[in-house]
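Participant: Got a structure for you, written out below as structure tokens; questions coming shortly.
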Amino acid sequence: MPESPSEPAPPEAAPSLDEGTTAPPAGLWDKMKADPQYAPEHLALEAVRRLGPEAHEWLMRIRAERPGVPPDALADIAAKKFVNLARLSGAVSGATGIAGAVLDVGVLAWNQARMVLHIAAAYGVDPRDPERATDLLVLQKVHKIAETARLALGVAAGRERAGTLLRGSGTPMHRVLVKLGVKLAQMAGIRAAKRIFAKIVPGAAIILGTWANSSATTDLANRTRELYRPRATYWQTPQIPGPRETS
């Protein structure tokens, strides 16, 4: 939950796949508020840094426990988990107004990034590779092609390194939050107007939030499978050789 109505500041921790809905870390919120135009790029870069290792560890753990599970089954496990998280996050948030809408859509975009990285891991594609940030932006339709996504990521990374120059611009926080909300809504696959409407109209938040979050996340899961399935590394259960035939 945000510390105040105008400044969302979620916790830094990113729990494992088995825990509840996670939110972007506070440091990422600071970057996105300081530079809302490149909010999706900042989120993608941070997601690969923080969540890529998490997805890799999940794959290693589940492979140790269930070595014969095929990639499609692992991808289904991840997709189901994060679609459920998206549905839950759309129903339970209590934050209101524009700050609440921004917080909700930021949580959704962050968990969608977690899902993409876990599905990548399921198909044997390294979720820690910086190229996954490019995949995220294309899959989430922030950019149409990988080349423009890479260029935008490079710009965002440069602005991130020059972070002190991005602070203290004097821009009213309400305008910053509106711009940030629109960019994150674009990344999460839903219309900002729907999210704001769901926050303002009593009773609409649960219905619209739950439907929009789960629908957008399901669509993203399907696109992610289509991207990574052709690259799948198929894991085979070791076969014990039978007795040699004697002539």
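Every chain in the structure tokens has a letter given in the order shown (A, B, ...), and although residue numbers restart at 1 in each chain, ligands are simply numbered from 1 in the order shown.
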Counting only C-alpha atoms, which residues of stretch 26-79 of chain A fall within 12 Å of stretch 114-120 of chain A, and what is the closest atom pair for each with its distance in Å at one decimal, ordered by chain and rising number, as a Markdown table?

Facilitator:
```
| residue | atom | partner | partner_atom | distance |
| --- | --- | --- | --- | --- |
| A:Leu43 | CA | A:Arg114 | CA | 11.0 |
| A:Ala44 | CA | A:Arg114 | CA | 10.0 |
| A:Glu46 | CA | A:Arg114 | CA | 10.9 |
| A:Ala47 | CA | A:Arg114 | CA | 7.2 |
| A:Val48 | CA | A:Leu117 | CA | 7.7 |
| A:Arg49 | CA | A:Leu117 | CA | 10.9 |
| A:Arg50 | CA | A:Arg114 | CA | 9.5 |
| A:Leu51 | CA | A:Arg114 | CA | 6.2 |
| A:Gly52 | CA | A:Leu117 | CA | 6.2 |
| A:Pro53 | CA | A:Leu117 | CA | 9.3 |
| A:Glu54 | CA | A:His118 | CA | 8.4 |
| A:Ala55 | CA | A:His118 | CA | 4.9 |
| A:His56 | CA | A:His118 | CA | 7.6 |
| A:Glu57 | CA | A:His118 | CA | 9.8 |
| A:Trp58 | CA | A:His118 | CA | 7.8 |
| A:Leu59 | CA | A:His118 | CA | 7.8 |
| A:Met60 | CA | A:His118 | CA | 11.4 |
| A:Ile62 | CA | A:His118 | CA | 11.6 |
| A:Pro71 | CA | A:Ile119 | CA | 8.7 |
| A:Asp72 | CA | A:Ile119 | CA | 8.9 |
| A:Ala73 | CA | A:Ile119 | CA | 10.1 |
| A:Leu74 | CA | A:Ile119 | CA | 7.5 |
| A:Ala75 | CA | A:Ile119 | CA | 4.9 |
| A:Asp76 | CA | A:Ile119 | CA | 8.1 |
| A:Ile77 | CA | A:Ile119 | CA | 8.8 |
| A:Ala78 | CA | A:His118 | CA | 6.2 |
| A:Ala79 | CA | A:Met115 | CA | 6.3 |
```

Participant: Would you write out, as CSV, a table of all residues in stretch 104-160 of chain A that have an atom no more than 12 Å from an atom of stretch 214-235 of chain A, listing for each the closest atom pair and the distance in Å to one decimal, considering only C-alpha atoms and ordering rows by chain and rising residue number?

Facilitator:
```
residue,atom,partner,partner_atom,distance
A:Val105,CA,A:Ala216,CA,11.3
A:Leu108,CA,A:Thr217,CA,8.4
A:Ala109,CA,A:Thr217,CA,9.1
A:Trp110,CA,A:Thr217,CA,11.2
A:Asn111,CA,A:Thr217,CA,9.1
A:Gln112,CA,A:Thr217,CA,6.4
A:Ala113,CA,A:Leu220,CA,9.7
A:Arg114,CA,A:Ala221,CA,10.9
A:Met115,CA,A:Ala221,CA,7.5
A:Val116,CA,A:Thr224,CA,6.3
A:Leu117,CA,A:Thr224,CA,9.2
A:His118,CA,A:Thr224,CA,10.1
A:Ile119,CA,A:Arg225,CA,7.0
A:Ala120,CA,A:Tyr228,CA,6.1
A:Ala121,CA,A:Tyr228,CA,9.1
A:Ala122,CA,A:Ala232,CA,8.0
A:Tyr123,CA,A:Ala232,CA,4.3
A:Gly124,CA,A:Thr233,CA,4.9
A:Val125,CA,A:Arg231,CA,7.2
A:Asp126,CA,A:Thr233,CA,10.7
A:Pro127,CA,A:Tyr228,CA,11.2
A:Arg132,CA,A:Tyr228,CA,11.0
A:Asp135,CA,A:Leu227,CA,8.8
A:Leu136,CA,A:Thr224,CA,9.0
A:Leu137,CA,A:Leu220,CA,11.3
A:Val138,CA,A:Arg223,CA,10.1
A:Leu139,CA,A:Arg223,CA,6.7
A:Gln140,CA,A:Leu220,CA,6.9
A:Lys141,CA,A:Leu220,CA,9.5
```

Participant: Would you output that residue set with N, CA, C and O atoms, as a compact mmCIF listing (two decimals), in the first residue's frame?

Facilitator:
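File produced: part08.txt:
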```
# COMPACT_ATOMS: atom_id res chain seq x y z
N VAL A 105 -2.17 -0.84 -11.15
CA VAL A 105 -1.67 -1.21 -12.46
C VAL A 105 -0.17 -1.49 -12.40
O VAL A 105 0.35 -2.33 -13.15
N LEU A 108 0.10 -5.02 -11.13
CA LEU A 108 -0.26 -5.94 -12.20
C LEU A 108 0.88 -6.10 -13.20
O LEU A 108 1.25 -7.22 -13.57
N ALA A 109 1.47 -4.98 -13.64
CA ALA A 109 2.57 -5.05 -14.61
C ALA A 109 3.77 -5.80 -14.04
O ALA A 109 4.44 -6.56 -14.75
N TRP A 110 4.05 -5.62 -12.76
CA TRP A 110 5.17 -6.30 -12.12
C TRP A 110 4.94 -7.80 -12.06
O TRP A 110 5.83 -8.60 -12.37
N ASN A 111 3.74 -8.21 -11.68
CA ASN A 111 3.44 -9.64 -11.61
C ASN A 111 3.35 -10.28 -12.99
O ASN A 111 3.67 -11.45 -13.17
N GLN A 112 2.92 -9.50 -13.98
CA GLN A 112 2.94 -10.01 -15.35
C GLN A 112 4.39 -10.25 -15.80
O GLN A 112 4.67 -11.24 -16.49
N ALA A 113 5.29 -9.35 -15.42
CA ALA A 113 6.70 -9.56 -15.75
C ALA A 113 7.23 -10.82 -15.08
O ALA A 113 8.00 -11.59 -15.68
N ARG A 114 6.83 -11.04 -13.83
CA ARG A 114 7.23 -12.28 -13.15
C ARG A 114 6.76 -13.49 -13.92
O ARG A 114 7.49 -14.47 -14.09
N MET A 115 5.51 -13.44 -14.40
CA MET A 115 4.96 -14.57 -15.14
C MET A 115 5.75 -14.82 -16.42
O MET A 115 6.10 -15.98 -16.73
N VAL A 116 6.04 -13.78 -17.18
CA VAL A 116 6.79 -13.94 -18.43
C VAL A 116 8.14 -14.59 -18.16
O VAL A 116 8.55 -15.51 -18.88
N LEU A 117 8.83 -14.15 -17.13
CA LEU A 117 10.15 -14.69 -16.83
C LEU A 117 10.07 -16.14 -16.36
O LEU A 117 10.94 -16.95 -16.67
N HIS A 118 9.02 -16.49 -15.63
CA HIS A 118 8.85 -17.88 -15.21
C HIS A 118 8.50 -18.78 -16.39
O HIS A 118 8.98 -19.92 -16.46
N ILE A 119 7.69 -18.28 -17.32
CA ILE A 119 7.37 -19.08 -18.50
C ILE A 119 8.62 -19.24 -19.37
O ILE A 119 8.87 -20.32 -19.93
N ALA A 120 9.42 -18.20 -19.48
CA ALA A 120 10.69 -18.32 -20.22
C ALA A 120 11.55 -19.41 -19.60
O ALA A 120 12.10 -20.27 -20.31
N ALA A 121 11.67 -19.39 -18.27
CA ALA A 121 12.46 -20.41 -17.57
C ALA A 121 11.90 -21.80 -17.84
O ALA A 121 12.66 -22.76 -18.03
N ALA A 122 10.57 -21.92 -17.86
CA ALA A 122 9.94 -23.23 -18.09
C ALA A 122 10.38 -23.83 -19.42
O ALA A 122 10.52 -25.05 -19.55
N TYR A 123 10.61 -22.98 -20.41
CA TYR A 123 11.02 -23.47 -21.73
C TYR A 123 12.54 -23.48 -21.91
O TYR A 123 13.03 -23.64 -23.03
N GLY A 124 13.28 -23.32 -20.82
CA GLY A 124 14.73 -23.40 -20.88
C GLY A 124 15.39 -22.14 -21.41
O GLY A 124 16.57 -22.16 -21.77
N VAL A 125 14.67 -21.02 -21.46
CA VAL A 125 15.22 -19.74 -21.89
C VAL A 125 15.64 -18.98 -20.63
O VAL A 125 14.84 -18.80 -19.71
N ASP A 126 16.89 -18.53 -20.58
CA ASP A 126 17.44 -17.93 -19.37
C ASP A 126 16.69 -16.66 -18.98
O ASP A 126 16.77 -15.65 -19.70
N PRO A 127 15.98 -16.66 -17.85
CA PRO A 127 15.22 -15.47 -17.46
C PRO A 127 16.10 -14.35 -16.93
O PRO A 127 15.62 -13.23 -16.72
N ARG A 132 15.78 -10.52 -21.99
CA ARG A 132 14.41 -10.75 -21.56
C ARG A 132 13.66 -9.43 -21.35
O ARG A 132 12.43 -9.39 -21.45
N ASP A 135 12.18 -8.73 -24.60
CA ASP A 135 11.02 -9.61 -24.78
C ASP A 135 9.81 -9.07 -24.03
O ASP A 135 8.68 -9.08 -24.56
N LEU A 136 10.03 -8.63 -22.79
CA LEU A 136 8.92 -8.13 -21.98
C LEU A 136 8.21 -6.97 -22.67
O LEU A 136 6.97 -6.94 -22.74
N LEU A 137 8.97 -6.03 -23.18
CA LEU A 137 8.37 -4.85 -23.79
C LEU A 137 7.63 -5.17 -25.08
O LEU A 137 6.61 -4.55 -25.38
N VAL A 138 8.13 -6.15 -25.83
CA VAL A 138 7.44 -6.54 -27.07
C VAL A 138 6.20 -7.37 -26.73
O VAL A 138 5.12 -7.16 -27.29
N LEU A 139 6.34 -8.32 -25.81
CA LEU A 139 5.20 -9.14 -25.42
C LEU A 139 4.08 -8.30 -24.82
O LEU A 139 2.89 -8.58 -25.05
N GLN A 140 4.44 -7.28 -24.06
CA GLN A 140 3.43 -6.44 -23.43
C GLN A 140 3.00 -5.28 -24.32
O GLN A 140 2.30 -4.38 -23.90
N LYS A 141 3.46 -5.32 -25.59
CA LYS A 141 3.03 -4.39 -26.64
C LYS A 141 3.36 -2.94 -26.34
O LYS A 141 2.68 -2.02 -26.81
```

Participant: Can you tell me which residues surround stretch 146-154 of chain A at a distance of at most 7 Å, considering only C-alpha atoms, apart from same-chain residues fewer than 2 positions away, and format the answer as a PyMOL selection string?

Facilitator: chain A and resi 41+134+137-138+143+156-158

Participant: Filtering to C-alpha atoms, could you give me those residues as a PDB file, in the first residue's frame?

Facilitator:
```pdb
ATOM      1  CA  GLU A  41      11.480   0.313 -19.636  1.00  0.00           C
ATOM      2  CA  THR A 134      13.358  -6.610 -24.654  1.00  0.00           C
ATOM      3  CA  LEU A 137       8.375  -4.847 -23.788  1.00  0.00           C
ATOM      4  CA  VAL A 138       7.440  -6.544 -27.065  1.00  0.00           C
ATOM      5  CA  HIS A 143       7.028  -1.646 -28.508  1.00  0.00           C
ATOM      6  CA  ALA A 156      16.098   4.286 -19.906  1.00  0.00           C
ATOM      7  CA  ALA A 157      19.321   2.715 -18.633  1.00  0.00           C
ATOM      8  CA  GLY A 158      21.218   5.910 -19.410  1.00  0.00           C
TER       9      GLY A 158
END
```
